[in-house]
file query02.cif (mmCIF, C-alpha atoms and all ligand atoms)
data_target
#
loop_
_atom_site.label_atom_id
_atom_site.label_comp_id
_atom_site.auth_asym_id
_atom_site.auth_seq_id
_atom_site.Cartn_x
_atom_site.Cartn_y
_atom_site.Cartn_z
CA MET A 1382 -43.52 -165.05 -82.45
CA ARG A 1383 -41.58 -161.78 -82.74
CA GLY A 1384 -38.59 -163.43 -84.39
CA VAL A 1385 -39.94 -165.26 -87.43
CA ASP A 1386 -42.36 -164.89 -90.31
CA HIS A 1387 -45.82 -165.92 -89.10
CA ARG A 1388 -46.21 -168.15 -92.19
CA ASP A 1389 -43.23 -170.17 -90.99
CA ILE A 1390 -45.00 -170.76 -87.67
CA LEU A 1391 -47.94 -172.23 -89.57
CA ARG A 1392 -45.59 -174.31 -91.72
CA ALA A 1393 -43.88 -175.67 -88.59
CA VAL A 1394 -47.27 -176.49 -87.04
CA ASN A 1395 -48.61 -178.17 -90.17
CA GLU A 1396 -45.55 -179.90 -91.56
CA LEU A 1397 -43.66 -181.17 -88.51
CA PRO A 1398 -44.81 -184.46 -86.93
CA ASN A 1399 -47.81 -183.84 -84.68
CA ASP A 1400 -46.64 -186.22 -81.96
CA ILE A 1401 -43.79 -184.05 -80.70
CA PRO A 1402 -43.97 -181.03 -78.34
CA PHE A 1403 -44.26 -177.60 -79.97
CA HIS A 1404 -42.54 -174.77 -78.07
CA ILE A 1405 -42.94 -171.10 -78.91
CA HIS A 1406 -41.77 -168.00 -77.02
CA ILE A 1407 -44.63 -165.53 -77.21
CA SER A 1408 -46.03 -162.28 -75.85
CA GLU A 1409 -43.09 -161.72 -73.55
CA GLN A 1410 -42.77 -157.97 -73.86
CA VAL A 1411 -45.16 -155.06 -74.38
CA LYS A 1412 -43.31 -153.90 -77.50
CA GLU A 1413 -43.69 -157.37 -79.03
CA VAL A 1414 -47.46 -157.12 -78.58
CA ALA A 1415 -47.53 -153.62 -80.12
CA ASP A 1416 -45.37 -154.72 -83.08
CA CYS A 1417 -47.55 -157.76 -83.66
CA LEU A 1418 -50.72 -155.65 -83.56
CA GLN A 1419 -49.22 -153.31 -86.13
CA PHE A 1420 -48.00 -156.11 -88.42
CA LEU A 1421 -50.76 -158.71 -88.16
CA GLY A 1422 -53.59 -156.69 -86.69
CA LYS A 1423 -53.73 -159.18 -83.80
CA ARG A 1424 -52.03 -159.67 -80.48
CA PRO A 1425 -49.55 -162.61 -80.51
CA VAL A 1426 -51.59 -165.06 -78.44
CA GLU A 1427 -54.82 -163.88 -80.06
CA TRP A 1428 -53.29 -164.64 -83.48
CA LEU A 1429 -52.05 -168.07 -82.37
CA LEU A 1430 -55.45 -168.98 -80.88
CA GLU A 1431 -57.17 -168.02 -84.14
CA ASN A 1432 -54.72 -169.70 -86.51
CA VAL A 1433 -53.54 -172.83 -84.72
CA ASP A 1434 -55.59 -175.65 -83.21
CA LEU A 1435 -53.85 -175.57 -79.83
CA ASN A 1436 -53.83 -178.61 -77.55
CA GLU A 1437 -51.75 -180.27 -74.82
CA ARG A 1438 -48.65 -180.65 -77.00
CA PHE A 1439 -48.23 -176.87 -77.35
CA HIS A 1440 -46.04 -174.96 -74.88
CA LEU A 1441 -46.23 -171.17 -74.90
CA VAL A 1442 -43.16 -169.78 -73.17
CA HIS A 1443 -43.83 -166.55 -71.19
CA ALA A 1444 -47.28 -165.58 -72.59
CA THR A 1445 -46.90 -162.70 -70.12
CA HIS A 1446 -49.20 -160.13 -71.67
CA LEU A 1447 -52.73 -161.50 -72.10
CA THR A 1448 -56.19 -159.98 -72.30
CA SER A 1449 -58.95 -161.65 -70.22
CA ALA A 1450 -60.26 -163.40 -73.34
CA GLU A 1451 -56.80 -164.68 -74.28
CA THR A 1452 -56.26 -165.94 -70.73
CA GLU A 1453 -59.55 -167.86 -70.74
CA ASN A 1454 -59.23 -169.25 -74.27
CA LEU A 1455 -55.60 -170.27 -73.80
CA ALA A 1456 -56.42 -172.10 -70.55
CA LYS A 1457 -59.38 -173.86 -72.16
CA SER A 1458 -57.36 -174.88 -75.24
CA GLY A 1459 -55.43 -177.40 -73.11
CA ALA A 1460 -52.09 -175.85 -74.15
CA ASN A 1461 -49.42 -175.24 -71.52
CA VAL A 1462 -47.59 -172.07 -70.57
CA VAL A 1463 -43.96 -172.18 -69.51
CA LEU A 1464 -43.30 -169.46 -66.96
CA CYS A 1465 -39.73 -168.25 -66.38
CA PRO A 1466 -40.07 -165.82 -63.45
CA SER A 1467 -36.35 -165.17 -62.83
CA THR A 1468 -35.80 -164.39 -66.54
CA GLU A 1469 -39.00 -162.36 -66.83
CA GLY A 1470 -38.06 -160.44 -63.67
CA ASN A 1471 -34.47 -159.91 -64.82
CA LEU A 1472 -35.64 -158.54 -68.18
CA GLY A 1473 -38.47 -156.48 -66.66
CA ASP A 1474 -41.02 -158.25 -68.87
CA GLY A 1475 -44.08 -158.29 -66.64
CA ILE A 1476 -46.19 -160.68 -64.55
CA PHE A 1477 -48.32 -163.49 -65.97
CA PRO A 1478 -52.02 -163.49 -64.89
CA LEU A 1479 -51.67 -166.83 -63.11
CA ARG A 1480 -54.70 -166.58 -60.81
CA ASP A 1481 -57.17 -166.07 -63.66
CA TYR A 1482 -55.41 -168.66 -65.81
CA GLN A 1483 -55.58 -171.26 -63.02
CA ASN A 1484 -59.25 -170.46 -62.40
CA PHE A 1485 -59.91 -171.48 -66.01
CA GLY A 1486 -57.98 -174.74 -65.47
CA GLY A 1487 -54.81 -173.64 -67.31
CA ASN A 1488 -51.72 -175.87 -67.38
CA TRP A 1489 -48.33 -174.40 -66.51
CA SER A 1490 -44.76 -175.39 -65.90
CA ILE A 1491 -41.55 -173.47 -65.23
CA GLY A 1492 -38.51 -172.84 -67.41
CA THR A 1493 -35.12 -171.16 -67.15
CA ASP A 1494 -35.01 -169.37 -70.54
CA SER A 1495 -32.04 -166.96 -70.19
CA HIS A 1496 -30.48 -169.11 -67.40
CA ILE A 1497 -30.18 -166.13 -65.06
CA GLY A 1498 -31.42 -168.57 -62.41
CA LEU A 1499 -31.32 -172.37 -62.34
CA ASN A 1500 -33.19 -173.23 -59.15
CA PRO A 1501 -36.59 -174.78 -59.89
CA PHE A 1502 -37.89 -174.03 -56.38
CA GLU A 1503 -36.85 -170.41 -56.66
CA GLU A 1504 -38.73 -170.12 -59.97
CA ILE A 1505 -41.91 -171.35 -58.28
CA ARG A 1506 -41.60 -169.04 -55.29
CA LEU A 1507 -40.79 -166.05 -57.48
CA LEU A 1508 -43.86 -166.91 -59.53
CA ASP A 1509 -45.97 -167.04 -56.36
CA TYR A 1510 -44.50 -163.88 -54.84
CA GLY A 1511 -45.21 -161.94 -58.04
CA GLN A 1512 -48.85 -163.01 -57.80
CA ARG A 1513 -49.01 -162.08 -54.11
CA LEU A 1514 -47.56 -158.66 -54.81
CA ILE A 1515 -50.08 -157.78 -57.52
CA SER A 1516 -53.13 -159.35 -55.81
CA HIS A 1517 -52.38 -158.57 -52.13
CA LYS A 1518 -53.39 -162.18 -51.44
CA ARG A 1519 -51.24 -165.05 -50.26
CA ASN A 1520 -53.00 -168.19 -51.44
CA THR A 1521 -51.90 -168.39 -55.07
CA PHE A 1522 -51.70 -172.19 -55.08
CA GLY A 1523 -54.49 -173.08 -52.62
CA ALA A 1524 -54.29 -174.87 -49.29
CA ASN A 1525 -51.52 -177.35 -50.10
CA GLY A 1526 -49.53 -174.75 -52.00
CA GLY A 1527 -46.10 -176.27 -52.49
CA LEU A 1528 -47.38 -179.69 -53.50
CA PHE A 1529 -49.91 -178.19 -55.92
CA ALA A 1530 -47.21 -176.07 -57.55
CA LEU A 1531 -44.65 -178.87 -57.77
CA THR A 1532 -47.25 -181.23 -59.24
CA ASN A 1533 -48.39 -178.71 -61.87
CA ALA A 1534 -44.85 -177.79 -62.84
CA THR A 1535 -43.80 -181.45 -63.06
CA VAL A 1536 -46.79 -182.77 -65.01
CA ALA A 1537 -46.83 -179.93 -67.59
CA GLY A 1538 -43.01 -179.88 -67.64
CA ARG A 1539 -42.95 -183.55 -68.56
CA ARG A 1540 -45.38 -182.88 -71.38
CA ALA A 1541 -42.82 -180.37 -72.69
CA MET A 1542 -40.50 -183.37 -73.04
CA ASN A 1543 -43.20 -185.49 -74.68
CA ASN A 1544 -43.88 -187.48 -71.50
CA PHE A 1545 -47.61 -187.59 -70.80
CA GLU A 1546 -47.37 -189.69 -67.61
CA PRO A 1547 -49.31 -187.86 -64.86
CA GLU A 1548 -47.99 -189.97 -61.96
CA PHE A 1549 -44.66 -189.19 -60.31
CA PHE A 1550 -43.40 -192.75 -59.92
CA VAL A 1551 -44.65 -195.65 -62.00
CA THR A 1552 -43.43 -199.25 -61.89
CA GLY A 1553 -41.41 -199.99 -65.00
CA ALA A 1554 -40.90 -196.33 -65.97
CA ASP A 1555 -37.53 -194.56 -65.88
CA PHE A 1556 -36.80 -193.29 -62.38
CA ASP A 1557 -35.98 -189.58 -62.53
CA ALA A 1558 -35.69 -187.66 -59.26
CA CYS A 1559 -33.69 -185.12 -57.35
CA VAL A 1560 -32.61 -185.83 -53.80
CA ILE A 1561 -32.83 -183.37 -50.92
CA TYR A 1562 -31.61 -184.57 -47.52
CA GLU A 1563 -34.12 -184.41 -44.69
CA GLU A 1564 -31.31 -183.23 -42.37
CA GLU A 1565 -31.44 -179.77 -43.99
CA GLN A 1566 -31.93 -177.45 -41.00
CA LEU A 1567 -35.16 -175.89 -42.32
CA LEU A 1568 -36.66 -179.24 -43.29
CA GLU A 1569 -35.72 -181.49 -40.39
CA ASN A 1570 -38.69 -180.53 -38.22
CA VAL A 1571 -41.27 -180.06 -40.96
CA SER A 1572 -44.27 -182.43 -41.05
CA PHE A 1573 -44.67 -184.64 -44.13
CA GLU A 1574 -47.77 -182.78 -45.25
CA ASN A 1575 -45.91 -179.46 -45.23
CA LEU A 1576 -42.70 -180.81 -46.72
CA ALA A 1577 -43.36 -179.81 -50.34
CA SER A 1578 -44.21 -176.24 -49.29
CA ALA A 1579 -41.13 -176.04 -47.07
CA ILE A 1580 -38.96 -177.12 -50.01
CA VAL A 1581 -40.60 -174.72 -52.47
CA TYR A 1582 -40.31 -171.72 -50.14
CA THR A 1583 -36.85 -172.35 -48.66
CA ALA A 1584 -34.72 -174.65 -50.80
CA ASN A 1585 -31.50 -173.39 -52.29
CA VAL A 1586 -30.21 -175.06 -55.45
CA SER A 1587 -27.18 -176.30 -53.50
CA GLN A 1588 -29.55 -178.48 -51.44
CA ILE A 1589 -30.16 -180.74 -54.43
CA ASN A 1590 -27.49 -183.24 -53.56
CA GLU A 1591 -28.01 -185.96 -56.11
CA THR A 1592 -30.18 -186.71 -59.07
CA PHE A 1593 -31.44 -189.93 -60.54
CA VAL A 1594 -31.51 -189.93 -64.32
CA ALA A 1595 -33.27 -192.95 -65.83
CA GLY A 1596 -32.53 -194.88 -62.66
CA LYS A 1597 -28.83 -193.97 -62.57
CA LEU A 1598 -27.59 -192.08 -59.51
CA VAL A 1599 -25.62 -188.95 -60.42
CA GLU A 1600 -23.74 -187.66 -57.39
CA LYS A 1601 -22.99 -183.98 -57.20
CA ASP A 1602 -19.59 -184.30 -55.49
CA GLU A 1603 -18.40 -186.76 -58.09
CA ASN A 1604 -19.13 -184.42 -60.99
CA TYR A 1605 -19.00 -180.98 -59.43
CA TRP A 1606 -15.36 -180.09 -60.17
CA THR A 1607 -15.41 -181.46 -63.71
CA ILE A 1608 -18.59 -179.55 -64.55
CA ARG A 1609 -17.27 -176.41 -62.85
CA GLU A 1610 -14.01 -176.54 -64.83
CA LYS A 1611 -15.84 -177.01 -68.12
CA PHE A 1612 -18.27 -174.18 -67.29
CA VAL A 1613 -15.50 -171.71 -66.41
CA ALA A 1614 -13.53 -172.64 -69.56
CA CYS A 1615 -16.65 -172.26 -71.69
CA VAL A 1616 -17.53 -168.80 -70.31
CA LYS A 1617 -13.89 -167.72 -70.70
CA ARG A 1618 -14.14 -168.35 -74.46
CA PHE A 1619 -16.91 -165.74 -74.71
CA ARG A 1620 -14.93 -163.04 -72.91
CA ALA A 1621 -13.47 -160.21 -74.93
CA PRO A 1622 -9.66 -160.64 -75.29
ZN ZN B 1701 -37.97 -166.38 -74.08
#
call {"tool": "encode", "arguments": {"input": "query02.cif", "output": "structure tokens", "more": "lines below"}}
Ligand SMILES: [Zn+2]
result
Amino acid sequence: MRGVDHRDILRAVNELPNDIPFHIHISEQVKEVADCLQFLGKRPVEWLLENVDLNERFHLVHATHLTSAETENLAKSGANVVLCPSTEGNLGDGIFPLRDYQNFGGNWSIGTDSHIGLNPFEEIRLLDYGQRLISHKRNTFGANGGLFALTNATVAGRRAMNNFEPEFFVTGADFDACVIYEEEQLLENVSFENLASAIVYTANVSQINETFVAGKLVEKDENYWTIREKFVACVKRFRAP
């Protein structure tokens, strides 16, 4: 929203196929809101709500700075927000009003944006801890916190990839999953009903041992050194001589 001509946003909305996800980074920083107010006479999300017929295929990344009316109208539009707490924390952006947004039935998922962090569980707990710190309350996600958060992030996250399937595992669908061993010391004695919360609040990214991508097992050990080598070589190319 701060990077392009607003008429191009409308062109993209109106002229691209309407059966693909629409992602837009918006209202991330206070200065962006001030600039937008000066240029368009509206706040970024306020302008989008007034000019675009938002629905479930829209994904607003960050949407950090919202008025109460924007929070309510955005949640009720059916659009999704993509929260990137490690990036937003790293850049000092601010904290999304998640409690109010959830109370209005808002959809949300998580993203990595600047890639300062790549642990999905850490993103969720950072998101929760931010809410706890500003509200002085601990129950951001309700009684079954971890499961609620993982479900929300997965269902809305799939929509960001044009997958509208609300169930985790469906017969005949591609099997996508990440594998965490139950022998992990902090998980071994956790009851099944608390397992999702234990994973969300303790899991390190190194505990994701394998992933299934469209039914194919991808083992970490098998690929780790190749990926590591490529990563180091890639970053080296960006270093000043
Ligand atoms: Zn961004």
call {"tool": "residues_around", "arguments": {"input": "query02.cif", "residues": "stretch 1414-1428 of chain A", "least_positions_apart": "2", "cutoff": "8 Å", "atoms": "all atoms listed in the file", "output": "ChimeraX atom specification"}}
result
/A:1382-1383,1407-1408,1410-1412,1430-1432,1444,1446-1447,1451
call {"tool": "write_last_selection", "arguments": {"input": "query02.cif", "atoms": "C-alpha atoms", "output": "JSON list (two decimals), in the coordinates of the input"}}
result
[["chain", "number", "residue", "atom", "x", "y", "z"],
["A", 1382, "MET", "CA", -43.52, -165.05, -82.45],
["A", 1383, "ARG", "CA", -41.58, -161.78, -82.74],
["A", 1407, "ILE", "CA", -44.63, -165.53, -77.21],
["A", 1408, "SER", "CA", -46.03, -162.28, -75.85],
["A", 1410, "GLN", "CA", -42.77, -157.97, -73.86],
["A", 1411, "VAL", "CA", -45.16, -155.06, -74.38],
["A", 1412, "LYS", "CA", -43.31, -153.90, -77.50],
["A", 1430, "LEU", "CA", -55.45, -168.98, -80.88],
["A", 1431, "GLU", "CA", -57.17, -168.02, -84.14],
["A", 1432, "ASN", "CA", -54.72, -169.70, -86.51],
["A", 1444, "ALA", "CA", -47.28, -165.58, -72.59],
["A", 1446, "HIS", "CA", -49.20, -160.13, -71.67],
["A", 1447, "LEU", "CA", -52.73, -161.50, -72.10],
["A", 1451, "GLU", "CA", -56.80, -164.68, -74.28]]
call {"tool": "residues_near_ligand", "arguments": {"input": "query02.cif", "ligand": "ligand ZN 1701 (chain B)", "cutoff": "8 Å", "atoms": "all atoms listed in the file", "output": "JSON, numbers by chain"}}
result
{"A": [1406, 1407, 1409, 1442, 1443, 1494, 1495]}
call {"tool": "write_last_selection", "arguments": {"input": "query02.cif", "atoms": "C-alpha atoms", "output": "PDB file, in the coordinates of the input"}}
result
ATOM      1  CA  HIS A1406     -41.770-168.000 -77.020  1.00  0.00           C
ATOM      2  CA  ILE A1407     -44.630-165.530 -77.210  1.00  0.00           C
ATOM      3  CA  GLU A1409     -43.090-161.720 -73.550  1.00  0.00           C
ATOM      4  CA  VAL A1442     -43.160-169.780 -73.170  1.00  0.00           C
ATOM      5  CA  HIS A1443     -43.830-166.550 -71.190  1.00  0.00           C
ATOM      6  CA  ASP A1494     -35.010-169.370 -70.540  1.00  0.00           C
ATOM      7  CA  SER A1495     -32.040-166.960 -70.190  1.00  0.00           C
TER       8      SER A1495
END
call {"tool": "residues_around", "arguments": {"input": "query02.cif", "residues": "A:Arg1540", "least_positions_apart": "2", "cutoff": "12 Å", "atoms": "only C-alpha atoms", "output": "VMD selection string"}}
result
chain A and resid 1400 to 1404 1436 to 1440 1459 to 1463 1488 to 1491 1533 to 1538 1542 to 1547
call {"tool": "write_last_selection", "arguments": {"input": "query02.cif", "atoms": "C-alpha atoms", "output": "JSON list (two decimals), in the frame of the given file"}}
result
[["chain", "number", "residue", "atom", "x", "y", "z"],
["A", 1400, "ASP", "CA", -46.64, -186.22, -81.96],
["A", 1401, "ILE", "CA", -43.79, -184.05, -80.70],
["A", 1402, "PRO", "CA", -43.97, -181.03, -78.34],
["A", 1403, "PHE", "CA", -44.26, -177.60, -79.97],
["A", 1404, "HIS", "CA", -42.54, -174.77, -78.07],
["A", 1436, "ASN", "CA", -53.83, -178.61, -77.55],
["A", 1437, "GLU", "CA", -51.75, -180.27, -74.82],
["A", 1438, "ARG", "CA", -48.65, -180.65, -77.00],
["A", 1439, "PHE", "CA", -48.23, -176.87, -77.35],
["A", 1440, "HIS", "CA", -46.04, -174.96, -74.88],
["A", 1459, "GLY", "CA", -55.43, -177.40, -73.11],
["A", 1460, "ALA", "CA", -52.09, -175.85, -74.15],
["A", 1461, "ASN", "CA", -49.42, -175.24, -71.52],
["A", 1462, "VAL", "CA", -47.59, -172.07, -70.57],
["A", 1463, "VAL", "CA", -43.96, -172.18, -69.51],
["A", 1488, "ASN", "CA", -51.72, -175.87, -67.38],
["A", 1489, "TRP", "CA", -48.33, -174.40, -66.51],
["A", 1490, "SER", "CA", -44.76, -175.39, -65.90],
["A", 1491, "ILE", "CA", -41.55, -173.47, -65.23],
["A", 1533, "ASN", "CA", -48.39, -178.71, -61.87],
["A", 1534, "ALA", "CA", -44.85, -177.79, -62.84],
["A", 1535, "THR", "CA", -43.80, -181.45, -63.06],
["A", 1536, "VAL", "CA", -46.79, -182.77, -65.01],
["A", 1537, "ALA", "CA", -46.83, -179.93, -67.59],
["A", 1538, "GLY", "CA", -43.01, -179.88, -67.64],
["A", 1542, "MET", "CA", -40.50, -183.37, -73.04],
["A", 1543, "ASN", "CA", -43.20, -185.49, -74.68],
["A", 1544, "ASN", "CA", -43.88, -187.48, -71.50],
["A", 1545, "PHE", "CA", -47.61, -187.59, -70.80],
["A", 1546, "GLU", "CA", -47.37, -189.69, -67.61],
["A", 1547, "PRO", "CA", -49.31, -187.86, -64.86]]
call {"tool": "atom_distance", "arguments": {"input": "query02.cif", "atom1": "atom CA of A:Thr1607", "atom2": "atom CA of A:Gln1588"}}
result
19.0 Å
call {"tool": "closest_residue", "arguments": {"input": "query02.cif", "among": "A:Asn1500, A:Ser1449, A:Asn1454, A:Thr1493", "to": "A:Asp1481", "atoms": "all atoms listed in the file"}}
result
A:Ser1449
call {"tool": "atom_distance", "arguments": {"input": "query02.cif", "atom1": "atom CA of A:Arg1506", "atom2": "atom CA of A:Asn1520"}}
result
12.1 Å
call {"tool": "closest_residue", "arguments": {"input": "query02.cif", "among": "A:Glu1565, A:His1496, A:Gln1512, A:Ser1578", "to": "A:Thr1532", "atoms": "only C-alpha atoms"}}
result
A:Ser1578
call {"tool": "residues_around", "arguments": {"input": "query02.cif", "residues": "A:Thr1521", "least_positions_apart": "5", "cutoff": "9 Å", "atoms": "only C-alpha atoms", "output": "compact mmCIF listing (two decimals) with C-alpha atoms, in the coordinates of the input"}}
result
# COMPACT_ATOMS: atom_id res chain seq x y z
CA LEU A 1479 -51.67 -166.83 -63.11
CA ARG A 1480 -54.70 -166.58 -60.81
CA ASP A 1509 -45.97 -167.04 -56.36
CA TYR A 1510 -44.50 -163.88 -54.84
CA GLN A 1512 -48.85 -163.01 -57.80
CA ARG A 1513 -49.01 -162.08 -54.11
CA GLY A 1526 -49.53 -174.75 -52.00
call {"tool": "axis_aligned_box", "arguments": {"input": "query02.cif", "around": "stretch 1411-1417 of chain A", "padding_each_side": "5 Å", "output": "AutoDock Vina command-line options"}}
result
--center_x -45.4 --center_y -155.7 --center_z -79.0 --size_x 14.2 --size_y 14.1 --size_z 19.3
call {"tool": "closest_residue", "arguments": {"input": "query02.cif", "among": "A:Phe1522, A:Leu1429, A:Tyr1605, A:Asn1570", "to": "A:Leu1391", "atoms": "only C-alpha atoms"}}
result
A:Leu1429
call {"tool": "atom_distance", "arguments": {"input": "query02.cif", "atom1": "atom CA of A:Ile1390", "atom2": "atom CA of A:Lys1457"}}
result
21.4 Å
call {"tool": "closest_residue", "arguments": {"input": "query02.cif", "among": "A:Pro1501, A:Pro1398, A:Gly1384, A:Gly1596", "to": "A:Glu1413", "atoms": "all atoms listed in the file"}}
result
A:Gly1384
call {"tool": "residues_around", "arguments": {"input": "query02.cif", "residues": "stretch 1555-1564 of chain A", "least_positions_apart": "4", "cutoff": "10 Å", "atoms": "all atoms listed in the file", "output": "PyMOL selection string"}}
result
chain A and resi 1549-1551+1568-1571+1576+1580+1584+1586-1600
call {"tool": "closest_residue", "arguments": {"input": "query02.cif", "among": "A:Lys1611, A:Asn1604, A:Ala1450, A:Phe1529", "to": "A:Glu1574", "atoms": "only C-alpha atoms"}}
result
A:Phe1529
call {"tool": "decode", "arguments": {"input": "query02.cif", "residues": "stretch 1412-1496 of chain A", "atoms": "C-alpha atoms", "output": "CSV table (one decimal), in the first residue's frame"}}
result
chain,number,residue,atom,x,y,z
A,1412,LYS,CA,4.6,6.6,9.1
A,1413,GLU,CA,2.9,4.6,6.4
A,1414,VAL,CA,-0.5,5.5,8.0
A,1415,ALA,CA,0.5,9.2,8.2
A,1416,ASP,CA,1.7,9.3,4.6
A,1417,CYS,CA,-1.4,7.6,3.4
A,1418,LEU,CA,-3.6,10.0,5.3
A,1419,GLN,CA,-1.8,12.9,3.8
A,1420,PHE,CA,-1.9,11.5,0.2
A,1421,LEU,CA,-5.3,9.8,0.0
A,1422,GLY,CA,-7.1,11.4,3.0
A,1423,LYS,CA,-7.7,7.9,4.4
A,1424,ARG,CA,-5.8,5.4,6.5
A,1425,PRO,CA,-4.5,2.4,4.4
A,1426,VAL,CA,-7.0,-0.2,5.7
A,1427,GLU,CA,-9.8,2.3,5.7
A,1428,TRP,CA,-9.1,3.1,2.1
A,1429,LEU,CA,-9.0,-0.6,1.1
A,1430,LEU,CA,-12.2,-1.3,2.9
A,1431,GLU,CA,-13.9,1.6,1.1
A,1432,ASN,CA,-12.5,0.8,-2.4
A,1433,VAL,CA,-12.3,-3.0,-2.6
A,1434,ASP,CA,-14.9,-5.6,-2.0
A,1435,LEU,CA,-12.9,-7.7,0.4
A,1436,ASN,CA,-13.6,-11.3,1.0
A,1437,GLU,CA,-11.9,-14.6,2.0
A,1438,ARG,CA,-9.4,-14.5,-0.9
A,1439,PHE,CA,-7.8,-11.3,0.3
A,1440,HIS,CA,-4.8,-11.5,2.7
A,1441,LEU,CA,-3.6,-8.3,4.4
A,1442,VAL,CA,-0.1,-8.8,5.6
A,1443,HIS,CA,0.6,-7.0,9.0
A,1444,ALA,CA,-2.4,-4.6,9.2
A,1445,THR,CA,-0.8,-3.6,12.5
A,1446,HIS,CA,-2.2,-0.2,12.9
A,1447,LEU,CA,-6.0,-0.3,13.0
A,1448,THR,CA,-8.8,1.9,14.4
A,1449,SER,CA,-11.6,0.1,16.2
A,1450,ALA,CA,-13.9,0.5,13.2
A,1451,GLU,CA,-11.2,-0.8,10.8
A,1452,THR,CA,-10.7,-3.8,13.1
A,1453,GLU,CA,-14.4,-4.6,13.2
A,1454,ASN,CA,-15.0,-4.0,9.5
A,1455,LEU,CA,-11.9,-6.0,8.4
A,1456,ALA,CA,-12.9,-9.0,10.6
A,1457,LYS,CA,-16.4,-8.9,9.2
A,1458,SER,CA,-15.3,-8.6,5.6
A,1459,GLY,CA,-14.1,-12.3,5.7
A,1460,ALA,CA,-10.6,-11.2,4.6
A,1461,ASN,CA,-7.6,-12.7,6.3
A,1462,VAL,CA,-4.7,-11.0,8.1
A,1463,VAL,CA,-1.2,-12.4,7.9
A,1464,LEU,CA,0.7,-11.7,11.1
A,1465,CYS,CA,4.5,-11.8,11.1
A,1466,PRO,CA,5.4,-11.2,14.8
A,1467,SER,CA,9.2,-11.8,14.6
A,1468,THR,CA,9.5,-9.4,11.6
A,1469,GLU,CA,7.1,-6.9,13.2
A,1470,GLY,CA,9.1,-7.1,16.5
A,1471,ASN,CA,12.5,-6.9,14.7
A,1472,LEU,CA,11.4,-3.8,12.8
A,1473,GLY,CA,9.7,-2.2,15.8
A,1474,ASP,CA,6.4,-2.0,13.9
A,1475,GLY,CA,3.8,-2.4,16.6
A,1476,ILE,CA,1.3,-5.0,17.9
A,1477,PHE,CA,-1.8,-6.1,16.0
A,1478,PRO,CA,-5.1,-5.8,18.0
A,1479,LEU,CA,-5.7,-9.5,17.9
A,1480,ARG,CA,-8.1,-9.8,20.8
A,1481,ASP,CA,-10.6,-7.4,19.3
A,1482,TYR,CA,-10.2,-8.8,15.8
A,1483,GLN,CA,-10.8,-12.3,17.1
A,1484,ASN,CA,-13.9,-11.2,19.0
A,1485,PHE,CA,-15.3,-10.0,15.7
A,1486,GLY,CA,-14.6,-13.4,14.1
A,1487,GLY,CA,-11.5,-12.3,12.2
A,1488,ASN,CA,-9.4,-14.8,10.2
A,1489,TRP,CA,-5.6,-14.8,10.7
A,1490,SER,CA,-2.5,-16.8,9.7
A,1491,ILE,CA,1.2,-16.3,10.3
A,1492,GLY,CA,4.0,-15.3,7.8
A,1493,THR,CA,7.7,-14.9,7.9
A,1494,ASP,CA,8.0,-11.7,5.8
A,1495,SER,CA,11.6,-10.5,6.3
A,1496,HIS,CA,12.7,-14.1,7.3
